[in-house]
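Trainee: For reference, this is query.txt, and it has compact mmCIF, C-alpha atoms and all ligand atoms.
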```
# COMPACT_ATOMS: atom_id res chain seq x y z
CA MET A 1187 -7.51 3.64 20.05
CA LEU A 1188 -4.37 1.61 19.61
CA SER A 1189 -2.16 4.70 19.69
CA ILE A 1190 -3.74 5.88 22.93
CA PHE A 1191 -3.01 2.47 24.39
CA VAL A 1192 0.61 2.68 23.24
CA ILE A 1193 1.01 6.20 24.67
CA LEU A 1194 -0.45 5.10 28.00
CA LEU A 1195 1.95 2.18 28.06
CA LEU A 1196 4.88 4.49 27.34
CA LEU A 1197 3.77 6.94 30.03
CA HIS A 1198 3.39 4.10 32.48
CA HIS A 1199 6.88 2.94 31.59
CA ILE A 1200 8.51 6.38 31.84
CA TYR A 1201 6.75 7.51 34.99
CA ALA A 1202 6.62 4.22 36.87
CA ILE A 1203 7.98 5.24 40.22
CA ASP A 1204 8.86 3.03 43.12
CA PRO A 1205 6.24 3.39 45.87
CA TYR A 1206 8.15 1.07 48.23
CA GLN A 1207 10.14 3.64 50.20
CA LYS A 1208 9.54 2.79 53.87
CA PHE A 1209 12.03 0.14 55.04
CA THR A 1210 11.87 -1.80 58.27
CA GLN A 1211 13.54 -5.05 59.22
CA ILE A 1212 12.28 -8.06 61.14
CA ASN A 1213 15.28 -9.47 62.99
CA LEU A 1214 15.73 -13.23 63.19
CA PRO A 1215 16.01 -14.68 66.72
CA PRO A 1216 19.15 -13.24 68.39
CA GLY A 1217 22.27 -15.42 68.46
CA GLY A 1218 20.52 -17.70 66.05
CA PRO A 1219 20.22 -18.49 62.41
CA ILE A 1220 20.80 -16.12 59.50
CA GLY A 1221 19.86 -15.99 55.87
CA PRO A 1222 16.12 -15.96 55.22
CA GLU A 1223 16.23 -17.09 51.60
CA SER A 1224 12.50 -17.55 51.06
CA VAL A 1225 9.82 -15.15 52.34
CA ALA A 1226 6.34 -16.52 51.63
CA LEU A 1227 2.97 -15.70 53.18
CA ASP A 1228 0.40 -18.50 53.47
CA ARG A 1229 -3.11 -18.48 51.97
CA PHE A 1230 -4.42 -16.54 55.01
CA ASN A 1231 -1.62 -13.96 54.56
CA GLN A 1232 0.08 -15.10 57.75
CA GLY A 1233 3.85 -15.03 58.03
CA PRO A 1234 6.27 -14.51 56.41
CA TYR A 1235 7.61 -18.05 56.52
CA VAL A 1236 11.37 -18.05 56.02
CA GLY A 1237 13.94 -20.79 55.33
CA VAL A 1238 17.06 -20.09 57.42
CA SER A 1239 20.68 -21.27 57.74
CA ASP A 1240 19.98 -23.92 60.41
CA GLY A 1241 17.59 -25.95 58.23
CA ARG A 1242 14.29 -24.74 59.66
CA ILE A 1243 11.36 -22.91 58.17
CA LEU A 1244 10.39 -20.28 60.74
CA LYS A 1245 7.01 -18.55 60.84
CA TYR A 1246 6.77 -14.93 61.91
CA GLU A 1247 3.80 -14.51 64.27
CA GLY A 1248 4.06 -10.77 64.89
CA PRO A 1249 6.17 -8.48 67.09
CA THR A 1250 5.26 -10.17 70.40
CA ALA A 1251 5.60 -13.86 69.54
CA GLY A 1252 8.35 -13.30 66.97
CA PHE A 1253 9.57 -16.28 64.94
CA VAL A 1254 8.41 -19.79 65.87
CA ASP A 1255 9.41 -23.22 64.48
CA PHE A 1256 7.28 -24.27 61.52
CA ALA A 1257 8.88 -27.07 59.48
CA PHE A 1258 12.07 -28.95 58.59
CA VAL A 1259 13.09 -31.57 56.02
CA ALA A 1260 16.26 -33.24 57.43
CA PRO A 1261 14.92 -36.65 58.61
CA ASN A 1262 17.13 -36.90 61.73
CA ARG A 1263 17.43 -33.20 62.49
CA ASN A 1264 18.69 -32.68 66.06
CA LYS A 1265 17.39 -29.41 67.52
CA GLN A 1266 20.17 -29.14 70.09
CA LEU A 1267 22.88 -29.46 67.46
CA CYS A 1268 21.18 -27.55 64.65
CA ASP A 1269 19.07 -24.68 66.01
CA GLY A 1270 20.91 -21.41 65.41
CA ALA A 1271 23.60 -22.99 63.24
CA THR A 1272 25.32 -20.88 60.59
CA ASP A 1273 28.08 -23.37 59.66
CA PRO A 1274 27.46 -24.54 56.07
CA ASP A 1275 29.11 -27.88 56.88
CA LEU A 1276 26.16 -28.71 59.15
CA GLY A 1277 23.89 -28.51 56.10
CA PRO A 1278 24.04 -32.24 55.26
CA THR A 1279 22.90 -32.95 58.85
CA CYS A 1280 20.50 -30.09 59.60
CA GLY A 1281 19.23 -29.31 56.09
CA ARG A 1282 18.99 -25.99 54.27
CA ILE A 1283 15.74 -24.98 52.60
CA LEU A 1284 16.51 -22.56 49.77
CA GLY A 1285 13.04 -22.43 48.20
CA ALA A 1286 9.51 -22.66 49.57
CA SER A 1287 6.11 -22.21 47.94
CA PHE A 1288 2.56 -22.73 49.22
CA ASP A 1289 -0.12 -24.65 47.35
CA PRO A 1290 -2.84 -21.97 47.51
CA PHE A 1291 -5.65 -24.57 47.54
CA SER A 1292 -4.49 -27.11 50.12
CA GLY A 1293 -2.22 -24.87 52.19
CA GLN A 1294 0.59 -27.44 51.87
CA LEU A 1295 4.11 -26.03 51.74
CA TYR A 1296 6.53 -27.38 49.13
CA MET A 1297 10.20 -26.97 49.96
CA ALA A 1298 13.46 -27.32 48.06
CA ASP A 1299 15.95 -28.54 50.68
CA THR A 1300 19.29 -28.29 48.95
CA PHE A 1301 20.68 -31.35 50.80
CA PHE A 1302 17.57 -33.55 51.13
CA GLY A 1303 15.43 -32.91 48.07
CA LEU A 1304 11.92 -31.76 47.21
CA ALA A 1305 9.61 -32.12 50.22
CA VAL A 1306 6.11 -31.19 51.34
CA VAL A 1307 4.45 -30.49 54.69
CA GLY A 1308 0.80 -29.86 55.66
CA PRO A 1309 -0.59 -26.46 56.71
CA ASN A 1310 0.36 -27.10 60.36
CA GLY A 1311 4.02 -27.74 59.54
CA GLY A 1312 6.32 -30.18 61.36
CA LYS A 1313 8.50 -32.84 59.81
CA ALA A 1314 8.18 -32.81 56.03
CA THR A 1315 7.74 -35.76 53.69
CA ILE A 1316 10.53 -36.07 51.14
CA ILE A 1317 9.06 -36.49 47.64
CA ALA A 1318 12.24 -36.97 45.58
CA ASN A 1319 16.00 -36.62 45.88
CA SER A 1320 16.90 -37.57 42.31
CA ALA A 1321 15.52 -37.45 38.79
CA ASN A 1322 16.44 -39.66 35.80
CA GLY A 1323 18.78 -41.52 38.12
CA VAL A 1324 20.83 -38.38 38.87
CA LYS A 1325 20.85 -37.22 42.48
CA PHE A 1326 19.90 -33.60 43.17
CA ASN A 1327 22.98 -31.61 44.10
CA PHE A 1328 21.95 -27.98 44.50
CA LEU A 1329 18.16 -27.53 44.73
CA ASN A 1330 17.65 -23.79 45.07
CA GLY A 1331 14.03 -22.87 44.31
CA CYS A 1332 10.50 -24.13 43.69
CA ASP A 1333 7.04 -22.84 42.77
CA VAL A 1334 3.51 -24.26 42.70
CA ASN A 1335 1.45 -23.77 39.53
CA PRO A 1336 -1.48 -21.51 40.59
CA ILE A 1337 -3.84 -23.39 38.21
CA THR A 1338 -2.69 -27.02 37.88
CA ARG A 1339 -0.87 -27.30 41.26
CA GLU A 1340 2.16 -28.91 39.61
CA VAL A 1341 5.51 -28.03 41.18
CA ILE A 1342 8.53 -26.72 39.27
CA PHE A 1343 12.01 -26.64 40.80
CA THR A 1344 15.62 -26.02 39.86
CA ASP A 1345 18.82 -27.98 40.53
CA GLY A 1346 21.60 -25.39 40.09
CA SER A 1347 24.51 -27.67 39.28
CA GLN A 1348 25.69 -31.25 39.42
CA THR A 1349 29.30 -30.24 40.19
CA PHE A 1350 29.07 -27.71 43.04
CA ASP A 1351 26.64 -27.11 45.87
CA ILE A 1352 25.61 -24.33 48.26
CA ARG A 1353 28.72 -24.86 50.45
CA ASP A 1354 30.99 -24.15 47.46
CA VAL A 1355 28.93 -21.07 46.62
CA ILE A 1356 29.18 -19.76 50.20
CA ARG A 1357 32.97 -20.18 50.07
CA GLY A 1358 33.15 -18.54 46.63
CA ASN A 1359 34.89 -21.69 45.46
CA PHE A 1360 33.01 -22.71 42.32
CA THR A 1361 33.16 -22.46 38.55
CA PRO A 1362 29.77 -21.89 36.94
CA ASP A 1363 28.96 -24.68 34.50
CA SER A 1364 26.05 -25.91 32.40
CA SER A 1365 24.87 -28.93 34.33
CA GLY A 1366 21.74 -27.41 35.91
CA ARG A 1367 18.21 -28.77 35.47
CA LEU A 1368 14.59 -27.62 35.50
CA ILE A 1369 12.37 -30.35 36.98
CA LYS A 1370 8.61 -30.80 37.33
CA TYR A 1371 6.63 -32.75 39.91
CA ASN A 1372 3.03 -33.78 39.33
CA PRO A 1373 1.31 -34.37 42.71
CA ARG A 1374 -1.57 -36.30 41.06
CA THR A 1375 0.65 -38.92 39.40
CA ASN A 1376 3.72 -38.57 41.65
CA GLU A 1377 5.81 -38.23 38.48
CA VAL A 1378 9.13 -36.34 38.68
CA LYS A 1379 10.26 -35.25 35.23
CA VAL A 1380 13.34 -33.38 34.00
CA VAL A 1381 11.97 -30.81 31.57
CA LEU A 1382 15.26 -29.04 30.68
CA ASP A 1383 18.91 -29.81 31.30
CA GLY A 1384 22.26 -28.28 30.35
CA LEU A 1385 21.32 -25.03 32.09
CA SER A 1386 23.84 -22.48 33.40
CA VAL A 1387 23.10 -22.29 37.13
CA PRO A 1388 19.30 -22.08 36.87
CA ALA A 1389 17.42 -20.65 39.86
CA GLY A 1390 14.19 -19.28 41.21
CA PRO A 1391 11.54 -20.60 38.83
CA ALA A 1392 8.10 -18.94 38.80
CA PHE A 1393 4.96 -20.03 36.98
CA SER A 1394 3.02 -17.35 35.13
CA HIS A 1395 -0.29 -16.16 36.60
CA ASP A 1396 -2.21 -18.32 34.08
CA GLY A 1397 0.06 -21.33 34.71
CA SER A 1398 1.01 -21.71 31.02
CA PHE A 1399 4.72 -20.95 31.26
CA VAL A 1400 7.66 -20.77 33.65
CA LEU A 1401 10.22 -17.99 34.00
CA PHE A 1402 13.55 -18.98 35.51
CA SER A 1403 16.91 -17.29 35.76
CA GLU A 1404 20.28 -18.46 34.53
CA PHE A 1405 22.54 -16.91 37.15
CA SER A 1406 25.82 -17.10 35.27
CA ASN A 1407 24.37 -16.10 31.87
CA LYS A 1408 22.65 -13.05 33.45
CA ARG A 1409 19.35 -13.78 31.79
CA ILE A 1410 15.77 -14.90 32.29
CA ILE A 1411 14.41 -17.79 30.22
CA LYS A 1412 10.76 -18.41 29.38
CA TYR A 1413 9.67 -22.05 29.15
CA ARG A 1414 6.25 -22.79 27.65
CA LEU A 1415 4.79 -25.94 29.20
CA ILE A 1416 2.43 -27.26 26.51
CA GLU A 1417 4.60 -26.26 23.55
CA ASP A 1418 7.78 -27.45 25.34
CA THR A 1419 9.76 -24.49 23.95
CA THR A 1420 12.19 -22.00 25.45
CA GLU A 1421 13.24 -18.46 24.59
CA VAL A 1422 15.55 -15.90 26.15
CA PHE A 1423 13.04 -13.55 27.75
CA LEU A 1424 15.26 -10.84 29.25
CA ASN A 1425 18.98 -10.10 29.35
CA LEU A 1426 20.14 -8.35 32.53
CA THR A 1427 23.31 -6.57 33.60
CA ALA A 1428 23.34 -8.35 36.97
CA ASN A 1429 23.23 -12.02 38.02
CA PRO A 1430 19.57 -12.95 38.64
CA ILE A 1431 18.43 -15.34 41.36
CA LYS A 1432 14.79 -15.84 42.37
CA ILE A 1433 11.79 -14.71 40.30
CA LYS A 1434 8.37 -14.24 41.95
CA ARG A 1435 4.92 -13.33 40.62
CA ALA A 1436 3.76 -9.88 41.73
CA PRO A 1437 0.08 -9.41 42.68
CA THR A 1438 -0.66 -7.64 39.37
CA TYR A 1439 -1.26 -10.04 36.46
CA GLY A 1440 1.78 -10.27 34.18
CA GLU A 1441 4.18 -8.58 36.61
CA TYR A 1442 7.16 -10.16 38.39
CA TRP A 1443 10.06 -9.35 40.70
CA VAL A 1444 13.57 -10.71 40.29
CA ALA A 1445 16.46 -10.40 42.76
CA ALA A 1446 19.76 -9.74 40.98
CA ASN A 1447 23.23 -8.87 42.18
CA ASN A 1448 25.82 -6.85 40.35
CA ILE A 1449 29.13 -8.44 41.19
CA ILE A 1450 31.93 -5.88 40.97
CA VAL A 1451 34.74 -7.90 39.43
CA SER A 1452 37.44 -5.36 40.30
CA GLN A 1453 36.49 -5.52 44.01
CA PRO A 1454 36.37 -9.19 45.03
CA GLY A 1455 33.57 -10.01 47.44
CA SER A 1456 31.74 -6.79 46.66
CA VAL A 1457 28.22 -6.86 45.28
CA THR A 1458 25.51 -4.31 44.59
CA PRO A 1459 22.12 -5.89 45.32
CA PHE A 1460 19.12 -5.02 43.14
CA GLY A 1461 15.48 -5.88 42.74
CA TYR A 1462 13.80 -5.43 39.37
CA LYS A 1463 10.08 -5.39 38.75
CA PHE A 1464 9.25 -6.28 35.14
CA ASN A 1465 6.25 -7.18 33.02
CA LEU A 1466 5.49 -9.46 30.09
CA LEU A 1467 6.20 -6.62 27.65
CA LYS A 1468 9.81 -6.98 28.91
CA GLN A 1469 9.69 -3.52 30.47
CA ILE A 1470 11.63 -2.94 33.68
CA LEU A 1471 9.00 -1.10 35.76
CA ILE A 1472 11.06 -0.54 38.92
CA THR A 1473 14.79 -0.76 39.53
CA LYS A 1474 15.43 -1.00 43.23
CA ASN A 1475 19.01 -0.51 44.44
CA LEU A 1476 19.17 -2.22 47.84
CA GLN A 1477 22.67 -1.16 48.84
CA ALA A 1478 21.41 1.16 51.60
CA GLN A 1479 19.57 -1.77 53.23
CA TYR A 1480 21.95 -4.64 52.39
CA ASN A 1481 25.38 -2.96 52.09
CA ASN A 1482 27.59 -4.94 49.73
CA THR A 1483 25.85 -8.27 50.27
CA GLN A 1484 23.49 -10.20 48.07
CA VAL A 1485 19.72 -10.38 48.05
CA ASN A 1486 18.00 -13.59 46.94
CA VAL A 1487 14.30 -12.83 46.68
CA LEU A 1488 11.74 -10.02 46.57
CA GLN A 1489 8.15 -11.07 47.14
CA GLU A 1490 5.25 -8.62 46.96
CA TYR A 1491 1.84 -9.13 48.59
CA ASN A 1492 -1.37 -7.11 48.67
CA VAL A 1493 -1.32 -6.82 52.47
CA ASN A 1494 -1.20 -3.60 54.54
CA GLY A 1495 -1.65 -1.52 51.39
CA GLY A 1496 1.16 -3.39 49.65
CA THR A 1497 4.19 -5.07 51.23
CA LEU A 1498 7.45 -6.10 49.62
CA TYR A 1499 9.46 -8.68 51.56
CA ILE A 1500 13.18 -9.13 50.90
CA GLY A 1501 15.14 -12.32 51.62
CA SER A 1502 18.92 -12.59 51.66
CA ARG A 1503 21.04 -15.67 52.23
CA VAL A 1504 23.48 -13.70 54.39
CA ALA A 1505 21.36 -11.14 56.30
CA PRO A 1506 20.27 -11.64 59.92
CA TYR A 1507 16.87 -10.10 59.13
CA VAL A 1508 13.90 -10.08 56.75
CA GLY A 1509 13.60 -6.75 54.92
CA VAL A 1510 10.13 -5.20 54.63
CA PHE A 1511 9.18 -2.32 52.37
CA ASN A 1512 5.86 -0.52 52.68
CA LYS A 1513 4.56 2.30 50.53
CA TRP A 1514 5.66 5.92 50.97
C1 LIG A 1601 19.89 -11.41 24.72
O1 LIG A 1601 21.23 -11.36 24.36
C2 LIG A 1601 21.58 -12.22 23.26
C3 LIG A 1601 23.09 -12.20 23.09
O2 LIG A 1601 23.58 -10.91 23.12
C4 LIG A 1601 20.82 -11.74 22.02
O3 LIG A 1601 21.12 -12.57 20.92
C5 LIG A 1601 19.33 -11.79 22.31
O4 LIG A 1601 18.60 -11.25 21.21
C6 LIG A 1601 18.97 -11.01 23.57
N1 LIG A 1601 17.57 -11.29 23.87
C7 LIG A 1601 16.73 -10.39 24.40
C8 LIG A 1601 15.34 -10.83 24.64
O5 LIG A 1601 17.08 -9.26 24.66
C1 LIG A 1602 24.50 -3.48 56.81
O1 LIG A 1602 25.11 -2.56 57.69
C2 LIG A 1602 24.30 -2.19 58.82
C3 LIG A 1602 25.03 -1.10 59.57
O2 LIG A 1602 26.36 -1.46 59.82
C4 LIG A 1602 24.04 -3.44 59.67
O3 LIG A 1602 23.19 -3.11 60.74
C5 LIG A 1602 23.36 -4.49 58.80
O4 LIG A 1602 23.20 -5.69 59.54
C6 LIG A 1602 24.18 -4.77 57.55
N1 LIG A 1602 23.42 -5.68 56.70
C7 LIG A 1602 23.94 -6.76 56.16
C8 LIG A 1602 23.03 -7.60 55.32
O5 LIG A 1602 25.10 -7.09 56.28
```
Now, as a test, write the supplied structure out as structure tokens.

Mentor:
Amino acid sequence: MLSIFVILLLLHHIYAIDPYQKFTQINLPPGGPIGPESVALDRFNQGPYVGVSDGRILKYEGPTAGFVDFAFVAPNRNKQLCDGATDPDLGPTCGRILGASFDPFSGQLYMADTFFGLAVVGPNGGKATIIANSANGVKFNFLNGCDVNPITREVIFTDGSQTFDIRDVIRGNFTPDSSGRLIKYNPRTNEVKVVLDGLSVPAGPAFSHDGSFVLFSEFSNKRIIKYRLIEDTTEVFLNLTANPIKIKRAPTYGEYWVAANNIIVSQPGSVTPFGYKFNLLKQILITKNLQAQYNNTQVNVLQEYNVNGGTLYIGSRVAPYVGVFNKW
């Protein structure tokens, strides 16, 4: 019995083929913002909702209506000045939401605005409420991802570094260090707690399907770390050959997607973007080379949903579109 199970697992591993072959793109509003870095559907499978360069979360309402305003975090955001902006120096005024995750029970949207902090907005959107902009007396400097626990509804988020922020990353003017933090927010007690520090550019945390652990990436160490919540322990879960960014739960229990970029050191500014689907047995089930769709630019997130027979959304901080893969 056990051996049959093992053989089936091996077969699954060897013959796992990538069904996501049909690529289309949803263009962002013309002349407007770029860089959809988060691509979430809400609990009614509407969207995707995307965080873009001008500080807004936009909601896609289909081919006719296109993208409409949904939410923002910057308290004094001026639409005239900010809408359509791509200048990173407007970030401290307009905001820049690098991570977004829905609470599946309440429909609230939690957002990691890299300049303004962790924030939340109700299911109808609008101006968000800022929950925290510091932890343990240290101001957030580079919030870059968040996720809601599917069981306990706690929120986990990452602060990439205390020494450089998204503007330095955009200009390629930063030295990776080990000052990043993994932070937890409990909406019942309002407590904000640093659970790990000294991390090497942590990003894109994802709770497991059963809510018992968190997977997050360490961009500069090219690895994925597993953090067990109750035990308060960490282990290196997976070493990669590329720099990982966001991790997202796939619809199938125990399966995840990670966006990772292979930076070609000999050709400055040149990257090969990848998506990897992996499982808890540490098997890479699908390796998706996204160069044909994203040229030599980075991808930040791959998020799969059980809609329209299976849909894989791709977000990239530099692209003027949301990538969409459907099957066959
Ligand atoms: C990851 O790489 C480190 C350093 O090479 C090694 O010690 C560790 O065993 C690896 N872990 C996994 C899960 O592959
Ligand atoms: C990749 O190149 C194609 C063709 O030139 C272009 O339409 C597309 O916008 C590019 N994508 C990115 C992310 O730069």

Trainee: To one decimal place in Å, what is the distance between atom CA of A:Pro1216 and atom CA of A:Gly1252?

Mentor: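 Atom CA of A:Pro1216 sits 10.9 Å away from atom CA of A:Gly1252.
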
Trainee: Find the residue from A:Arg1339, A:Lys1408, A:Arg1353, A:Arg1263 that sits nearest to A:Tyr1296; use only C-alpha atoms when measuring.

Mentor: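 Answer, going by the shortest atom-to-atom distance: A:Arg1339.
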
Trainee: Would you pick out the contacts of A:Gln1479 at 10 Å or less, using only C-alpha atoms, so that residues sharing its chain but fewer than 3 positions from it are not included, and give the list as a ChimeraX atom specification?

Mentor: /A:1209-1211,1459,1475-1476,1482-1483,1509

Trainee: Mind dumping the selected residues with C-alpha atoms as a PDB file, in the coordinates of the input?

Mentor:
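The file below, again_6.pdb, is the result:
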```
ATOM      1  CA  PHE A1209      12.030   0.140  55.040  1.00  0.00           C
ATOM      2  CA  THR A1210      11.870  -1.800  58.270  1.00  0.00           C
ATOM      3  CA  GLN A1211      13.540  -5.050  59.220  1.00  0.00           C
ATOM      4  CA  PRO A1459      22.120  -5.890  45.320  1.00  0.00           C
ATOM      5  CA  ASN A1475      19.010  -0.510  44.440  1.00  0.00           C
ATOM      6  CA  LEU A1476      19.170  -2.220  47.840  1.00  0.00           C
ATOM      7  CA  ASN A1482      27.590  -4.940  49.730  1.00  0.00           C
ATOM      8  CA  THR A1483      25.850  -8.270  50.270  1.00  0.00           C
ATOM      9  CA  GLY A1509      13.600  -6.750  54.920  1.00  0.00           C
TER      10      GLY A1509
END
```

Trainee: Return as a Markdown table the residues of chain A lying at most 7 Å from ligand LIG 1602 (chain A), together with the closest atom-to-atom pair for each and the distance in Å to one decimal, counting all atoms listed in the file, with rows in chain order and ascending residue number.

Mentor:
```
| residue | atom | partner | partner_atom | distance |
| --- | --- | --- | --- | --- |
| A:Gln1479 | CA | A:LIG1602 | C1 | 6.3 |
| A:Tyr1480 | CA | A:LIG1602 | C8 | 4.3 |
| A:Asn1481 | CA | A:LIG1602 | C1 | 4.8 |
| A:Thr1483 | CA | A:LIG1602 | C8 | 5.8 |
| A:Val1504 | CA | A:LIG1602 | C8 | 6.2 |
| A:Ala1505 | CA | A:LIG1602 | C8 | 4.0 |
| A:Pro1506 | CA | A:LIG1602 | O4 | 6.6 |
```

Trainee: Between atom CA of A:Ala1392 and atom CA of A:Ile1411, what is the distance in Å, rounded to a tenth?

Mentor: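 It comes out at 10.7 Å.
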
Trainee: Kindly give the distance, in Å, that separates atom CA of A:Gly1323 and atom CA of A:Pro1274, rounded to a single decimal.

Mentor: 26.2 Å

Trainee: Near A:Glu1490, counting only C-alpha atoms, which residues have an atom at most 7 Å away, once you skip same-chain residues fewer than 4 positions from it, shown as a VMD selection string?

Mentor: chain A and resid 1436 to 1437 1497 to 1499

Trainee: Can you pull out every residue within 12 Å of A:Arg1367, counting only C-alpha atoms, but drop anything in the same chain fewer than 4 positions away, and send it as JSON, numbers by chain?

Mentor: {"A": [1320, 1321, 1322, 1324, 1325, 1326, 1327, 1328, 1329, 1330, 1331, 1342, 1343, 1344, 1345, 1346, 1347, 1348, 1363, 1379, 1380, 1381, 1382, 1383, 1384, 1385, 1386, 1387, 1388, 1389, 1390, 1391, 1402, 1403, 1404]}

Trainee: Grab the residues selected above and save them as a PDB file, in the coordinates of the input with C-alpha atoms.

Mentor:
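That gives us result-v1.pdb:
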```pdb
ATOM      1  CA  SER A1320      16.900 -37.570  42.310  1.00  0.00           C
ATOM      2  CA  ALA A1321      15.520 -37.450  38.790  1.00  0.00           C
ATOM      3  CA  ASN A1322      16.440 -39.660  35.800  1.00  0.00           C
ATOM      4  CA  VAL A1324      20.830 -38.380  38.870  1.00  0.00           C
ATOM      5  CA  LYS A1325      20.850 -37.220  42.480  1.00  0.00           C
ATOM      6  CA  PHE A1326      19.900 -33.600  43.170  1.00  0.00           C
ATOM      7  CA  ASN A1327      22.980 -31.610  44.100  1.00  0.00           C
ATOM      8  CA  PHE A1328      21.950 -27.980  44.500  1.00  0.00           C
ATOM      9  CA  LEU A1329      18.160 -27.530  44.730  1.00  0.00           C
ATOM     10  CA  ASN A1330      17.650 -23.790  45.070  1.00  0.00           C
ATOM     11  CA  GLY A1331      14.030 -22.870  44.310  1.00  0.00           C
ATOM     12  CA  ILE A1342       8.530 -26.720  39.270  1.00  0.00           C
ATOM     13  CA  PHE A1343      12.010 -26.640  40.800  1.00  0.00           C
ATOM     14  CA  THR A1344      15.620 -26.020  39.860  1.00  0.00           C
ATOM     15  CA  ASP A1345      18.820 -27.980  40.530  1.00  0.00           C
ATOM     16  CA  GLY A1346      21.600 -25.390  40.090  1.00  0.00           C
ATOM     17  CA  SER A1347      24.510 -27.670  39.280  1.00  0.00           C
ATOM     18  CA  GLN A1348      25.690 -31.250  39.420  1.00  0.00           C
ATOM     19  CA  ASP A1363      28.960 -24.680  34.500  1.00  0.00           C
ATOM     20  CA  LYS A1379      10.260 -35.250  35.230  1.00  0.00           C
ATOM     21  CA  VAL A1380      13.340 -33.380  34.000  1.00  0.00           C
ATOM     22  CA  VAL A1381      11.970 -30.810  31.570  1.00  0.00           C
ATOM     23  CA  LEU A1382      15.260 -29.040  30.680  1.00  0.00           C
ATOM     24  CA  ASP A1383      18.910 -29.810  31.300  1.00  0.00           C
ATOM     25  CA  GLY A1384      22.260 -28.280  30.350  1.00  0.00           C
ATOM     26  CA  LEU A1385      21.320 -25.030  32.090  1.00  0.00           C
ATOM     27  CA  SER A1386      23.840 -22.480  33.400  1.00  0.00           C
ATOM     28  CA  VAL A1387      23.100 -22.290  37.130  1.00  0.00           C
ATOM     29  CA  PRO A1388      19.300 -22.080  36.870  1.00  0.00           C
ATOM     30  CA  ALA A1389      17.420 -20.650  39.860  1.00  0.00           C
ATOM     31  CA  GLY A1390      14.190 -19.280  41.210  1.00  0.00           C
ATOM     32  CA  PRO A1391      11.540 -20.600  38.830  1.00  0.00           C
ATOM     33  CA  PHE A1402      13.550 -18.980  35.510  1.00  0.00           C
ATOM     34  CA  SER A1403      16.910 -17.290  35.760  1.00  0.00           C
ATOM     35  CA  GLU A1404      20.280 -18.460  34.530  1.00  0.00           C
TER      36      GLU A1404
END
```

Trainee: Compile a residue-level contact table for chain A against ligand LIG 1601 (chain A) at a cut-off of 10 Å, reporting for every qualifying residue the shortest atom pair and its distance in Å to one decimal, with all atoms listed in the file counted, rows ordered by chain and ascending number, as a tab-separated table.

Mentor:
```
residue	atom	partner	partner_atom	distance
A:Asn1407	CA	A:LIG1601	O1	9.4
A:Lys1408	CA	A:LIG1601	C1	9.3
A:Arg1409	CA	A:LIG1601	C1	7.5
A:Ile1410	CA	A:LIG1601	C8	8.7
A:Ile1411	CA	A:LIG1601	C8	9.0
A:Glu1421	CA	A:LIG1601	C8	7.9
A:Val1422	CA	A:LIG1601	C8	5.3
A:Phe1423	CA	A:LIG1601	C8	4.7
A:Leu1424	CA	A:LIG1601	C8	4.6
A:Asn1425	CA	A:LIG1601	C1	4.9
A:Leu1426	CA	A:LIG1601	C1	8.4
A:Lys1468	CA	A:LIG1601	C8	8.0
```

Trainee: Write out as a ChimeraX atom specification the residues lying within 12 Å of A:Ala1305, counting all atoms listed in the file and excluding same-chain residues fewer than 2 positions away.

Mentor: /A:1257-1261,1281-1288,1294-1303,1307-1308,1311-1319,1329,1331-1332,1341,1343,1371,1373

Trainee: Those same residues - C-alpha atoms - I'd like them written as a tab-separated table (two decimals), keeping the file's coordinate frame.

Mentor:
```tsv
chain	number	residue	atom	x	y	z
A	1257	ALA	CA	8.88	-27.07	59.48
A	1258	PHE	CA	12.07	-28.95	58.59
A	1259	VAL	CA	13.09	-31.57	56.02
A	1260	ALA	CA	16.26	-33.24	57.43
A	1261	PRO	CA	14.92	-36.65	58.61
A	1281	GLY	CA	19.23	-29.31	56.09
A	1282	ARG	CA	18.99	-25.99	54.27
A	1283	ILE	CA	15.74	-24.98	52.60
A	1284	LEU	CA	16.51	-22.56	49.77
A	1285	GLY	CA	13.04	-22.43	48.20
A	1286	ALA	CA	9.51	-22.66	49.57
A	1287	SER	CA	6.11	-22.21	47.94
A	1288	PHE	CA	2.56	-22.73	49.22
A	1294	GLN	CA	0.59	-27.44	51.87
A	1295	LEU	CA	4.11	-26.03	51.74
A	1296	TYR	CA	6.53	-27.38	49.13
A	1297	MET	CA	10.20	-26.97	49.96
A	1298	ALA	CA	13.46	-27.32	48.06
A	1299	ASP	CA	15.95	-28.54	50.68
A	1300	THR	CA	19.29	-28.29	48.95
A	1301	PHE	CA	20.68	-31.35	50.80
A	1302	PHE	CA	17.57	-33.55	51.13
A	1303	GLY	CA	15.43	-32.91	48.07
A	1307	VAL	CA	4.45	-30.49	54.69
A	1308	GLY	CA	0.80	-29.86	55.66
A	1311	GLY	CA	4.02	-27.74	59.54
A	1312	GLY	CA	6.32	-30.18	61.36
A	1313	LYS	CA	8.50	-32.84	59.81
A	1314	ALA	CA	8.18	-32.81	56.03
A	1315	THR	CA	7.74	-35.76	53.69
A	1316	ILE	CA	10.53	-36.07	51.14
A	1317	ILE	CA	9.06	-36.49	47.64
A	1318	ALA	CA	12.24	-36.97	45.58
A	1319	ASN	CA	16.00	-36.62	45.88
A	1329	LEU	CA	18.16	-27.53	44.73
A	1331	GLY	CA	14.03	-22.87	44.31
A	1332	CYS	CA	10.50	-24.13	43.69
A	1341	VAL	CA	5.51	-28.03	41.18
A	1343	PHE	CA	12.01	-26.64	40.80
A	1371	TYR	CA	6.63	-32.75	39.91
A	1373	PRO	CA	1.31	-34.37	42.71
```

Trainee: Skip A:Phe1460 itself and residues of its chain fewer than 5 positions away, then list as a list of chain:residue names all residues within 9 Å of it, counting only C-alpha atoms.

Mentor: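 Within the cut-off, the hits are A:Ala1428, A:Val1444, A:Ala1445, A:Ala1446, A:Asn1447, A:Asn1448, A:Thr1473, A:Lys1474, A:Asn1475, A:Leu1476, A:Gln1477, A:Gln1484, A:Val1485.
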